[in-house]
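Undergrad: final.txt is reproduced below (compact mmCIF, C-alpha atoms and all ligand atoms).
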# COMPACT_ATOMS: atom_id res chain seq x y z
CA MET A 1 113.00 86.43 124.33
CA MET A 2 113.63 88.59 121.26
CA ASN A 3 111.68 87.51 118.23
CA LYS A 4 114.29 86.67 115.57
CA VAL A 5 111.99 86.95 112.59
CA GLY A 6 109.78 89.89 111.73
CA PRO A 7 108.65 92.46 109.21
CA ILE A 8 110.84 95.25 107.85
CA GLY A 9 110.18 98.32 110.01
CA VAL A 10 109.53 101.64 108.28
CA PHE A 11 109.43 104.80 110.35
CA ASP A 12 108.46 108.42 109.72
CA SER A 13 107.34 111.30 111.91
CA GLY A 14 103.95 111.15 110.17
CA TYR A 15 102.51 109.76 106.98
CA GLY A 16 105.20 111.08 104.61
CA GLY A 17 107.12 107.82 104.88
CA LEU A 18 104.26 106.12 103.06
CA THR A 19 105.74 107.60 99.86
CA VAL A 20 108.78 105.42 100.54
CA LEU A 21 106.85 102.38 101.78
CA GLN A 22 104.77 102.27 98.59
CA GLU A 23 107.97 102.00 96.56
CA PHE A 24 109.29 99.21 98.83
CA MET A 25 106.04 97.34 98.21
CA ARG A 26 106.40 97.89 94.46
CA VAL A 27 110.04 96.79 94.24
CA LEU A 28 110.01 94.19 97.06
CA PRO A 29 106.39 92.99 97.24
CA ASP A 30 107.12 89.70 99.01
CA TYR A 31 108.36 91.16 102.29
CA ASP A 32 106.23 91.99 105.32
CA TYR A 33 106.35 95.61 106.50
CA LEU A 34 105.43 97.35 109.73
CA TYR A 35 104.92 101.10 109.30
CA LEU A 36 105.17 103.39 112.31
CA GLY A 37 104.09 107.03 111.97
CA ASP A 38 104.55 109.30 114.97
CA ASN A 39 101.69 111.58 113.90
CA ALA A 40 101.01 112.76 117.44
CA ARG A 41 104.43 114.40 117.67
CA ALA A 42 104.95 115.46 114.02
CA PRO A 43 106.42 117.58 112.64
CA TYR A 44 110.01 116.80 113.63
CA GLY A 45 111.53 119.28 111.19
CA ASN A 46 111.83 122.23 113.57
CA ARG A 47 112.86 120.20 116.64
CA SER A 48 116.32 120.03 118.23
CA PHE A 49 118.83 117.25 117.64
CA GLU A 50 118.22 115.92 121.16
CA VAL A 51 114.45 115.66 120.73
CA VAL A 52 114.60 114.10 117.25
CA HIS A 53 117.14 111.60 118.56
CA GLU A 54 114.98 110.72 121.57
CA PHE A 55 111.79 110.26 119.49
CA THR A 56 113.59 108.28 116.80
CA LEU A 57 115.24 105.98 119.34
CA GLU A 58 111.84 105.30 120.92
CA ALA A 59 110.41 104.44 117.51
CA VAL A 60 113.31 102.16 116.62
CA ASN A 61 113.04 100.34 119.95
CA TYR A 62 109.29 99.92 119.43
CA LEU A 63 109.87 98.37 115.99
CA LYS A 64 112.68 96.20 117.35
CA ASN A 65 110.40 94.91 120.10
CA GLN A 66 107.82 94.03 117.45
CA GLY A 67 110.40 91.69 115.91
CA CYS A 68 111.80 93.91 113.13
CA ARG A 69 115.44 93.05 112.38
CA LEU A 70 115.80 95.83 109.84
CA VAL A 71 114.38 99.34 110.29
CA ILE A 72 114.38 102.04 107.61
CA LEU A 73 114.12 105.63 108.80
CA ALA A 74 111.87 106.87 105.97
CA CYS A 75 112.33 110.35 107.40
CA ASN A 76 115.10 112.68 106.31
CA THR A 77 115.00 114.64 109.54
CA SER A 78 115.58 111.50 111.63
CA SER A 79 118.17 110.26 109.14
CA ALA A 80 120.01 113.59 109.36
CA LYS A 81 119.77 114.14 113.09
CA ALA A 82 119.59 110.73 114.75
CA LEU A 83 120.84 107.93 112.50
CA ARG A 84 124.55 108.26 113.20
CA THR A 85 124.08 108.34 116.98
CA LEU A 86 121.73 105.36 116.78
CA GLN A 87 124.18 103.33 114.71
CA GLN A 88 127.35 104.29 116.54
CA ILE A 89 126.18 104.61 120.14
CA ASP A 90 122.65 103.42 120.95
CA LEU A 91 122.76 100.24 118.88
CA ALA A 92 126.49 99.62 119.04
CA HIS A 93 125.86 96.62 121.29
CA ALA A 94 122.58 95.46 119.75
CA ASP A 95 122.36 92.03 118.09
CA SER A 96 124.59 92.00 115.04
CA ASP A 97 121.67 91.10 112.78
CA PHE A 98 119.69 94.22 113.78
CA ARG A 99 120.19 97.20 111.47
CA VAL A 100 118.84 100.72 111.07
CA LEU A 101 119.28 102.48 107.72
CA GLY A 102 118.30 105.96 106.54
CA VAL A 103 117.28 107.65 103.29
CA ILE A 104 120.04 110.22 102.80
CA ARG A 105 122.92 107.95 101.85
CA PRO A 106 121.02 106.02 99.14
CA SER A 107 119.67 109.30 97.73
CA THR A 108 123.05 111.01 97.54
CA GLU A 109 124.66 107.95 95.93
CA THR A 110 122.25 108.39 93.03
CA ILE A 111 121.08 111.95 92.46
CA GLY A 112 124.40 113.44 91.31
CA SER A 113 124.10 111.44 88.09
CA LEU A 114 120.61 112.78 87.37
CA SER A 115 121.64 116.38 86.68
CA LYS A 116 122.96 117.32 83.23
CA THR A 117 124.04 120.77 84.41
CA ASN A 118 125.63 119.48 87.63
CA SER A 119 123.40 121.79 89.63
CA ILE A 120 120.98 120.28 92.12
CA GLY A 121 118.49 121.93 94.45
CA ILE A 122 117.54 120.33 97.76
CA LEU A 123 114.27 121.10 99.53
CA GLY A 124 113.85 119.79 103.07
CA THR A 125 112.90 120.55 106.63
CA PRO A 126 115.03 123.03 108.64
CA GLY A 127 116.53 120.09 110.54
CA THR A 128 117.64 118.31 107.37
CA ILE A 129 118.96 121.44 105.66
CA GLN A 130 120.80 122.79 108.71
CA SER A 131 122.51 119.42 109.26
CA GLU A 132 124.20 119.91 105.85
CA SER A 133 123.95 116.11 105.44
CA TYR A 134 123.06 116.33 101.75
CA LYS A 135 125.93 118.70 100.96
CA ILE A 136 128.43 116.56 102.86
CA GLU A 137 127.29 113.26 101.33
CA LEU A 138 127.00 114.68 97.80
CA GLU A 139 130.54 115.99 98.06
CA ARG A 140 131.63 112.38 98.68
CA PHE A 141 129.62 110.74 95.92
CA SER A 142 129.47 113.47 93.27
CA SER A 143 132.02 116.18 93.95
CA LYS A 144 131.38 117.93 90.61
CA THR A 145 127.76 118.63 91.57
CA ALA A 146 126.90 122.08 92.92
CA VAL A 147 124.28 121.81 95.67
CA PHE A 148 121.81 124.56 96.59
CA GLN A 149 119.52 124.08 99.59
CA HIS A 150 116.45 125.69 101.00
CA ALA A 151 114.50 124.85 104.17
CA CYS A 152 110.70 124.83 104.03
CA PRO A 153 109.50 124.97 107.66
CA MET A 154 105.81 125.22 106.75
CA TRP A 155 105.48 122.44 104.21
CA VAL A 156 105.04 119.45 106.54
CA PRO A 157 102.44 121.25 108.70
CA LEU A 158 100.63 122.33 105.51
CA ILE A 159 100.65 118.82 104.07
CA GLU A 160 99.70 117.07 107.33
CA SER A 161 96.75 119.49 107.73
CA LYS A 162 95.86 119.29 104.00
CA GLN A 163 96.25 123.04 103.55
CA HIS A 164 98.82 122.99 100.74
CA GLN A 165 96.13 123.87 98.16
CA THR A 166 94.70 126.84 100.07
CA ASP A 167 95.60 130.35 98.86
CA LEU A 168 98.00 130.79 101.76
CA GLY A 169 99.46 127.31 101.34
CA LYS A 170 100.09 127.88 97.63
CA LYS A 171 101.75 131.25 98.31
CA ILE A 172 104.11 129.76 100.91
CA ILE A 173 105.10 126.88 98.63
CA GLU A 174 105.62 129.15 95.61
CA LYS A 175 107.75 131.56 97.63
CA ASP A 176 110.01 128.77 98.95
CA ILE A 177 110.53 127.39 95.45
CA GLU A 178 111.29 130.88 94.14
CA VAL A 179 113.98 131.31 96.81
CA LEU A 180 115.60 127.98 95.87
CA LEU A 181 115.54 128.70 92.13
CA SER A 182 117.06 132.17 92.67
CA LYS A 183 120.22 130.51 94.02
CA ASP A 184 121.34 129.18 90.62
CA GLY A 185 119.95 129.71 87.13
CA SER A 186 121.35 126.43 85.78
CA MET A 187 119.61 124.15 88.28
CA ASP A 188 117.90 121.33 86.34
CA THR A 189 117.09 118.89 89.18
CA ILE A 190 115.38 119.31 92.53
CA LEU A 191 115.42 116.54 95.12
CA LEU A 192 112.50 116.42 97.52
CA ALA A 193 114.54 115.66 100.65
CA CYS A 194 111.53 115.20 102.87
CA THR A 195 109.31 112.16 102.49
CA HIS A 196 106.18 114.29 102.83
CA TYR A 197 106.95 116.42 99.78
CA PRO A 198 106.23 113.79 97.08
CA LEU A 199 102.60 114.03 98.24
CA ILE A 200 102.56 117.44 96.51
CA LEU A 201 104.97 116.60 93.68
CA ASP A 202 102.51 117.66 90.95
CA GLN A 203 102.01 121.03 92.61
CA ILE A 204 105.79 121.54 92.81
CA GLN A 205 106.36 120.40 89.23
CA ASP A 206 103.70 122.86 87.98
CA ILE A 207 105.50 125.72 89.72
CA VAL A 208 109.02 124.90 88.47
CA GLY A 209 107.93 124.00 84.93
CA PRO A 210 109.06 121.21 82.60
CA SER A 211 112.72 122.23 82.31
CA ILE A 212 113.44 121.12 85.89
CA GLN A 213 113.00 117.52 87.01
CA VAL A 214 111.56 117.09 90.49
CA ILE A 215 112.81 113.89 92.12
CA SER A 216 111.00 111.86 94.75
CA GLN A 217 113.47 109.72 96.68
CA GLY A 218 111.15 106.74 97.29
CA PRO A 219 112.06 104.86 94.07
CA ILE A 220 115.77 105.50 94.64
CA VAL A 221 115.68 104.25 98.24
CA ALA A 222 113.64 101.19 97.25
CA ASP A 223 116.13 100.18 94.53
CA LYS A 224 118.99 100.58 97.00
CA LEU A 225 117.14 98.49 99.59
CA LYS A 226 116.69 95.76 97.02
CA ASP A 227 120.46 95.77 96.35
CA TYR A 228 121.15 95.74 100.10
CA LEU A 229 118.85 92.79 100.75
CA SER A 230 120.31 90.81 97.87
CA GLU A 231 123.78 91.27 99.40
CA LYS A 232 122.69 90.47 102.98
CA SER A 233 121.44 86.93 102.91
CA ILE A 234 120.77 87.16 106.66
CA TYR A 235 117.41 88.86 105.96
CA GLU A 236 116.30 85.87 103.93
CA ASN A 237 115.87 84.20 107.30
CA THR A 238 114.96 87.14 109.52
CA ALA A 239 112.44 89.11 107.45
CA PHE A 240 108.97 87.65 107.09
CA LYS A 241 108.01 87.21 103.47
CA LYS A 242 104.28 86.84 103.19
CA GLY A 243 103.57 90.24 101.64
CA HIS A 244 101.73 91.48 104.77
CA LEU A 245 101.46 95.12 105.74
CA PHE A 246 100.88 96.46 109.25
CA PHE A 247 100.44 100.04 110.42
CA PHE A 248 100.86 101.69 113.75
CA ASN A 249 100.08 105.39 114.09
CA ASN A 250 99.83 107.20 117.41
N1 LIG B 301 108.93 113.17 106.42
C1 LIG B 301 109.86 113.81 107.30
C2 LIG B 301 111.19 114.02 106.58
O1 LIG B 301 111.46 113.33 105.61
C3 LIG B 301 109.19 115.04 107.83
C4 LIG B 301 109.83 115.57 109.01
C5 LIG B 301 108.90 116.39 109.89
O2 LIG B 301 108.12 115.78 110.63
O3 LIG B 301 109.02 117.62 109.86
O4 LIG B 301 112.00 114.82 106.97
Go through the file and emit its structure as structure tokens.
Ligand code: DGL
TA:
Amino acid sequence: MMNKVGPIGVFDSGYGGLTVLQEFMRVLPDYDYLYLGDNARAPYGNRSFEVVHEFTLEAVNYLKNQGCRLVILACNTSSAKALRTLQQIDLAHADSDFRVLGVIRPSTETIGSLSKTNSIGILGTPGTIQSESYKIELERFSSKTAVFQHACPMWVPLIESKQHQTDLGKKIIEKDIEVLLSKDGSMDTILLACTHYPLILDQIQDIVGPSIQVISQGPIVADKLKDYLSEKSIYENTAFKKGHLFFFNN
């Protein structure tokens, strides 16, 4: 029989989602968390919709079978490519107290207000950028904000293999940032729309300089999760609260 009480599930293709998990633990330290990183099959960023959907569904089912009643896709690529199908089709008949949430909606509800010039840059994987999810959602929540995007296909492989500080790694990262900045001279805010990128936030901030704020979405998503949990009293009874942390990486 399905376990009705469990940790909050947190999923990413690799270890980038830890940048989100650490903020959950800061803002909501009492909950138990189960982190699943699909390292063996990362990166997801260059994969098709079908494959990202299949892998994400497997991960969500794994976490559900471990007793999680709430799963956060701490992966923009999965949020962009798989979340809607999961919510509307795959889990349409799941128990009503089982939920899967992503990171794009909470980020776009907030970031529009962070730019003084109403010009925001988005850096993400090809999958996230091509989905146009950030543009579409920002249009809903902050229609006055101009959005400029750039896909960085090499960043997750560089970060996962710890090569972002090599000469080649630095050149690739600098070039991608240069391309984004060339799209609009008034850009004052860049959102790191991939949960791996905050791992190199200092490197990115050094390249763009102090006049542009580089935003990691972990704190934003954690604050939104806190609001969500305070509104959904159901998780008071279905999410373990002992402050335990579990990891599963393949
Ligand atoms: N951390 C994932 C994201 O936020 C990386 C995706 C990948 O594996 O390429 O998109």
Undergrad: Would you list the contacts of A:Ser131 as a VMD selection string, taking every protein, DNA or RNA residue within 8 Å and counting all atoms listed in the file, but skipping same-chain residues closer than 2 positions in sequence?
TA: chain A and resid 80 to 81 127 to 129 133
Undergrad: Can you tell me which residues come within 6 Å of ligand LIG 301 (chain B) when counting all atoms listed in the file, ideally as a list in words?
TA: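 Listing the residues within 6 Å of ligand LIG 301 (chain B) gives Asp12, Ser13, Gly16, Gly17, Ala42, Pro43, Tyr44, Gly45, Cys75, Asn76, Thr77, Thr125, Val156, Cys194, Thr195 and His196 of chain A.
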Undergrad: Could you tell me how far atom CA of A:Leu28 lies from atom CA of A:Val103, in Å and to one decimal?
TA: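 Value for the atom CA of A:Leu28-atom CA of A:Val103 distance: 16.5 Å.
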Undergrad: Which residue gives the smallest distance to A:Ile190 among A:Leu83, A:Leu34, A:Ile111, A:Ile215, with all atoms listed in the file counted?
TA: A:Ile215
Undergrad: For atom CA of A:Leu168 and atom CA of A:Asp38, determine how far apart the two atoms are, in Å to one decimal place.
TA: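 Pair atom CA of A:Leu168 / atom CA of A:Asp38 returns 26.1 Å.
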Undergrad: Check the smallest atom-to-atom distance from each of A:Gln217, A:Thr110, A:Ser161, A:Ser78 to A:Glu50 using only C-alpha atoms, then report the winner.
TA: A:Ser78
Undergrad: Just the number, please: distance in Å from atom CA of A:Ile212 to atom CA of A:Asn118, one decimal.
TA: 12.4 Å
Undergrad: Can you tell me which residues surround A:Thr56 at a distance of at most 9 Å, considering all atoms listed in the file, apart from same-chain residues fewer than 2 positions away, and format the answer as a PyMOL selection string?
TA: chain A and resi 11-13+51-54+58-61+73+78+82-83+86
Undergrad: Taking (125.2, 116.2, 86.7) in the coordinates of the supplied file, I want to know which residues reach to within 9 Å of it, counting only C-alpha atoms; could you give the answer as a CSV table (one decimal) with C-alpha atoms, in the coordinates of the input?
TA:
chain,number,residue,atom,x,y,z
A,111,ILE,CA,121.1,112.0,92.5
A,112,GLY,CA,124.4,113.4,91.3
A,113,SER,CA,124.1,111.4,88.1
A,114,LEU,CA,120.6,112.8,87.4
A,115,SER,CA,121.6,116.4,86.7
A,116,LYS,CA,123.0,117.3,83.2
A,117,THR,CA,124.0,120.8,84.4
A,118,ASN,CA,125.6,119.5,87.6
A,119,SER,CA,123.4,121.8,89.6
A,120,ILE,CA,121.0,120.3,92.1
A,142,SER,CA,129.5,113.5,93.3
A,144,LYS,CA,131.4,117.9,90.6
A,145,THR,CA,127.8,118.6,91.6
A,146,ALA,CA,126.9,122.1,92.9
A,188,ASP,CA,117.9,121.3,86.3
A,189,THR,CA,117.1,118.9,89.2
Undergrad: From the options A:Lys224, A:Arg140, A:Arg105, A:His150, which residue's atoms come nearest to A:Lys183, counting only C-alpha atoms?
TA: A:His150
Undergrad: Which one of A:Pro198, A:Pro106, A:Gly124, A:Pro7 sits closest to A:Ile159 if you count all atoms listed in the file?
TA: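 Of A:Pro198, A:Pro106, A:Gly124, A:Pro7, the one nearest A:Ile159 is A:Pro198, counting all atoms listed in the file.
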Undergrad: Give as a PyMOL selection string the set of residues within 9 Å of the point (113.7, 130.3, 105.2), where distances use the file's coordinates and all atoms listed in the file.
TA: chain A and resi 126+150-153+176+179
Undergrad: Using only C-alpha atoms, pick whichever of A:Pro210, A:Gly37, A:Gly102, A:Gly169 has the shortest atom-to-atom distance to A:Phe248.
TA: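 When distances to A:Phe248 are compared using only C-alpha atoms, the smallest one comes from A:Gly37.
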Undergrad: Extract stretch 164-179 of chain A from the structure I just pasted (atoms: all heavy atoms) and return it as a PDB file, in the first residue's frame.
TA:
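Below is the file decode37.pdb, written as the result:
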ATOM      1  N   HIS A 164      34.987  24.063 -15.591  1.00  0.00           N
ATOM      2  CA  HIS A 164      34.573  25.444 -15.858  1.00  0.00           C
ATOM      3  C   HIS A 164      35.688  26.451 -15.581  1.00  0.00           C
ATOM      4  O   HIS A 164      35.614  27.586 -16.016  1.00  0.00           O
ATOM      5  CB  HIS A 164      33.333  25.784 -15.030  1.00  0.00           C
ATOM      6  CG  HIS A 164      33.471  25.472 -13.583  1.00  0.00           C
ATOM      7  ND1 HIS A 164      33.297  24.197 -13.080  1.00  0.00           N
ATOM      8  CD2 HIS A 164      33.784  26.260 -12.529  1.00  0.00           C
ATOM      9  CE1 HIS A 164      33.490  24.230 -11.775  1.00  0.00           C
ATOM     10  NE2 HIS A 164      33.803  25.461 -11.411  1.00  0.00           N
ATOM     11  N   GLN A 165      36.734  26.034 -14.864  1.00  0.00           N
ATOM     12  CA  GLN A 165      37.844  26.955 -14.576  1.00  0.00           C
ATOM     13  C   GLN A 165      39.054  26.702 -15.488  1.00  0.00           C
ATOM     14  O   GLN A 165      40.078  27.356 -15.329  1.00  0.00           O
ATOM     15  CB  GLN A 165      38.284  26.802 -13.112  1.00  0.00           C
ATOM     16  CG  GLN A 165      37.262  27.304 -12.095  1.00  0.00           C
ATOM     17  CD  GLN A 165      37.242  28.824 -11.958  1.00  0.00           C
ATOM     18  OE1 GLN A 165      37.834  29.531 -12.760  1.00  0.00           O
ATOM     19  NE2 GLN A 165      36.562  29.320 -10.946  1.00  0.00           N
ATOM     20  N   THR A 166      38.948  25.746 -16.397  1.00  0.00           N
ATOM     21  CA  THR A 166      40.055  25.534 -17.330  1.00  0.00           C
ATOM     22  C   THR A 166      40.052  26.670 -18.359  1.00  0.00           C
ATOM     23  O   THR A 166      39.056  27.397 -18.496  1.00  0.00           O
ATOM     24  CB  THR A 166      39.890  24.194 -18.081  1.00  0.00           C
ATOM     25  OG1 THR A 166      38.653  24.255 -18.817  1.00  0.00           O
ATOM     26  CG2 THR A 166      39.840  23.004 -17.122  1.00  0.00           C
ATOM     27  N   ASP A 167      41.144  26.815 -19.099  1.00  0.00           N
ATOM     28  CA  ASP A 167      41.209  27.895 -20.097  1.00  0.00           C
ATOM     29  C   ASP A 167      40.053  27.781 -21.083  1.00  0.00           C
ATOM     30  O   ASP A 167      39.398  28.770 -21.413  1.00  0.00           O
ATOM     31  CB  ASP A 167      42.548  27.846 -20.855  1.00  0.00           C
ATOM     32  CG  ASP A 167      43.692  28.328 -19.966  1.00  0.00           C
ATOM     33  OD1 ASP A 167      43.383  28.896 -18.882  1.00  0.00           O
ATOM     34  OD2 ASP A 167      44.858  28.116 -20.336  1.00  0.00           O
ATOM     35  N   LEU A 168      39.807  26.548 -21.544  1.00  0.00           N
ATOM     36  CA  LEU A 168      38.735  26.351 -22.521  1.00  0.00           C
ATOM     37  C   LEU A 168      37.368  26.625 -21.876  1.00  0.00           C
ATOM     38  O   LEU A 168      36.527  27.306 -22.470  1.00  0.00           O
ATOM     39  CB  LEU A 168      38.774  24.908 -23.073  1.00  0.00           C
ATOM     40  CG  LEU A 168      37.694  24.590 -24.107  1.00  0.00           C
ATOM     41  CD1 LEU A 168      37.831  25.475 -25.344  1.00  0.00           C
ATOM     42  CD2 LEU A 168      37.749  23.107 -24.515  1.00  0.00           C
ATOM     43  N   GLY A 169      37.197  26.109 -20.668  1.00  0.00           N
ATOM     44  CA  GLY A 169      35.935  26.331 -19.951  1.00  0.00           C
ATOM     45  C   GLY A 169      35.657  27.815 -19.775  1.00  0.00           C
ATOM     46  O   GLY A 169      34.545  28.299 -20.049  1.00  0.00           O
ATOM     47  N   LYS A 170      36.663  28.563 -19.343  1.00  0.00           N
ATOM     48  CA  LYS A 170      36.484  30.011 -19.135  1.00  0.00           C
ATOM     49  C   LYS A 170      36.108  30.713 -20.436  1.00  0.00           C
ATOM     50  O   LYS A 170      35.249  31.588 -20.456  1.00  0.00           O
ATOM     51  CB  LYS A 170      37.779  30.621 -18.597  1.00  0.00           C
ATOM     52  CG  LYS A 170      38.025  30.339 -17.126  1.00  0.00           C
ATOM     53  CD  LYS A 170      39.248  31.132 -16.732  1.00  0.00           C
ATOM     54  CE  LYS A 170      39.860  30.694 -15.446  1.00  0.00           C
ATOM     55  NZ  LYS A 170      41.212  31.145 -15.248  1.00  0.00           N
ATOM     56  N   LYS A 171      36.784  30.308 -21.530  1.00  0.00           N
ATOM     57  CA  LYS A 171      36.510  30.945 -22.836  1.00  0.00           C
ATOM     58  C   LYS A 171      35.064  30.713 -23.263  1.00  0.00           C
ATOM     59  O   LYS A 171      34.382  31.613 -23.749  1.00  0.00           O
ATOM     60  CB  LYS A 171      37.446  30.362 -23.903  1.00  0.00           C
ATOM     61  CG  LYS A 171      38.677  31.168 -24.108  1.00  0.00           C
ATOM     62  CD  LYS A 171      39.372  30.812 -25.416  1.00  0.00           C
ATOM     63  CE  LYS A 171      40.795  31.326 -25.323  1.00  0.00           C
ATOM     64  NZ  LYS A 171      41.811  30.308 -25.388  1.00  0.00           N
ATOM     65  N   ILE A 172      34.601  29.472 -23.091  1.00  0.00           N
ATOM     66  CA  ILE A 172      33.229  29.133 -23.505  1.00  0.00           C
ATOM     67  C   ILE A 172      32.224  29.959 -22.695  1.00  0.00           C
ATOM     68  O   ILE A 172      31.278  30.541 -23.230  1.00  0.00           O
ATOM     69  CB  ILE A 172      32.973  27.611 -23.320  1.00  0.00           C
ATOM     70  CG1 ILE A 172      33.794  26.820 -24.344  1.00  0.00           C
ATOM     71  CG2 ILE A 172      31.489  27.283 -23.446  1.00  0.00           C
ATOM     72  CD1 ILE A 172      33.816  25.312 -24.122  1.00  0.00           C
ATOM     73  N   ILE A 173      32.449  30.022 -21.384  1.00  0.00           N
ATOM     74  CA  ILE A 173      31.512  30.742 -20.507  1.00  0.00           C
ATOM     75  C   ILE A 173      31.517  32.243 -20.826  1.00  0.00           C
ATOM     76  O   ILE A 173      30.469  32.887 -20.936  1.00  0.00           O
ATOM     77  CB  ILE A 173      31.862  30.443 -19.027  1.00  0.00           C
ATOM     78  CG1 ILE A 173      31.497  28.974 -18.725  1.00  0.00           C
ATOM     79  CG2 ILE A 173      31.149  31.394 -18.065  1.00  0.00           C
ATOM     80  CD1 ILE A 173      32.113  28.402 -17.475  1.00  0.00           C
ATOM     81  N   GLU A 174      32.717  32.798 -21.030  1.00  0.00           N
ATOM     82  CA  GLU A 174      32.803  34.227 -21.359  1.00  0.00           C
ATOM     83  C   GLU A 174      32.094  34.544 -22.671  1.00  0.00           C
ATOM     84  O   GLU A 174      31.384  35.533 -22.791  1.00  0.00           O
ATOM     85  CB  GLU A 174      34.273  34.645 -21.483  1.00  0.00           C
ATOM     86  CG  GLU A 174      34.891  34.964 -20.128  1.00  0.00           C
ATOM     87  CD  GLU A 174      36.416  35.052 -20.187  1.00  0.00           C
ATOM     88  OE1 GLU A 174      36.969  35.282 -21.280  1.00  0.00           O
ATOM     89  OE2 GLU A 174      37.016  34.871 -19.115  1.00  0.00           O
ATOM     90  N   LYS A 175      32.286  33.677 -23.646  1.00  0.00           N
ATOM     91  CA  LYS A 175      31.684  33.899 -24.974  1.00  0.00           C
ATOM     92  C   LYS A 175      30.159  33.886 -24.878  1.00  0.00           C
ATOM     93  O   LYS A 175      29.473  34.747 -25.455  1.00  0.00           O
ATOM     94  CB  LYS A 175      32.178  32.797 -25.934  1.00  0.00           C
ATOM     95  CG  LYS A 175      31.662  32.899 -27.339  1.00  0.00           C
ATOM     96  CD  LYS A 175      32.316  34.053 -28.087  1.00  0.00           C
ATOM     97  CE  LYS A 175      31.535  34.417 -29.338  1.00  0.00           C
ATOM     98  NZ  LYS A 175      31.769  35.767 -29.795  1.00  0.00           N
ATOM     99  N   ASP A 176      29.611  32.904 -24.134  1.00  0.00           N
ATOM    100  CA  ASP A 176      28.144  32.827 -23.992  1.00  0.00           C
ATOM    101  C   ASP A 176      27.597  34.086 -23.323  1.00  0.00           C
ATOM    102  O   ASP A 176      26.559  34.616 -23.735  1.00  0.00           O
ATOM    103  CB  ASP A 176      27.752  31.578 -23.176  1.00  0.00           C
ATOM    104  CG  ASP A 176      27.791  30.311 -24.017  1.00  0.00           C
ATOM    105  OD1 ASP A 176      27.418  30.377 -25.212  1.00  0.00           O
ATOM    106  OD2 ASP A 176      28.186  29.254 -23.493  1.00  0.00           O
ATOM    107  N   ILE A 177      28.293  34.550 -22.297  1.00  0.00           N
ATOM    108  CA  ILE A 177      27.817  35.751 -21.589  1.00  0.00           C
ATOM    109  C   ILE A 177      27.881  36.971 -22.509  1.00  0.00           C
ATOM    110  O   ILE A 177      26.974  37.802 -22.548  1.00  0.00           O
ATOM    111  CB  ILE A 177      28.623  35.956 -20.292  1.00  0.00           C
ATOM    112  CG1 ILE A 177      28.256  34.847 -19.300  1.00  0.00           C
ATOM    113  CG2 ILE A 177      28.368  37.333 -19.682  1.00  0.00           C
ATOM    114  CD1 ILE A 177      29.099  34.810 -18.050  1.00  0.00           C
ATOM    115  N   GLU A 178      28.959  37.040 -23.282  1.00  0.00           N
ATOM    116  CA  GLU A 178      29.108  38.144 -24.244  1.00  0.00           C
ATOM    117  C   GLU A 178      27.936  38.158 -25.227  1.00  0.00           C
ATOM    118  O   GLU A 178      27.378  39.217 -25.535  1.00  0.00           O
ATOM    119  CB  GLU A 178      30.422  37.904 -25.009  1.00  0.00           C
ATOM    120  CG  GLU A 178      30.987  39.055 -25.761  1.00  0.00           C
ATOM    121  CD  GLU A 178      32.237  38.578 -26.524  1.00  0.00           C
ATOM    122  OE1 GLU A 178      33.207  38.141 -25.870  1.00  0.00           O
ATOM    123  OE2 GLU A 178      32.192  38.598 -27.757  1.00  0.00           O
ATOM    124  N   VAL A 179      27.540  36.984 -25.706  1.00  0.00           N
ATOM    125  CA  VAL A 179      26.428  36.912 -26.667  1.00  0.00           C
ATOM    126  C   VAL A 179      25.138  37.410 -26.008  1.00  0.00           C
ATOM    127  O   VAL A 179      24.385  38.192 -26.593  1.00  0.00           O
ATOM    128  CB  VAL A 179      26.241  35.458 -27.198  1.00  0.00           C
ATOM    129  CG1 VAL A 179      24.987  35.353 -28.066  1.00  0.00           C
ATOM    130  CG2 VAL A 179      27.465  35.009 -27.986  1.00  0.00           C
TER     131      VAL A 179
END
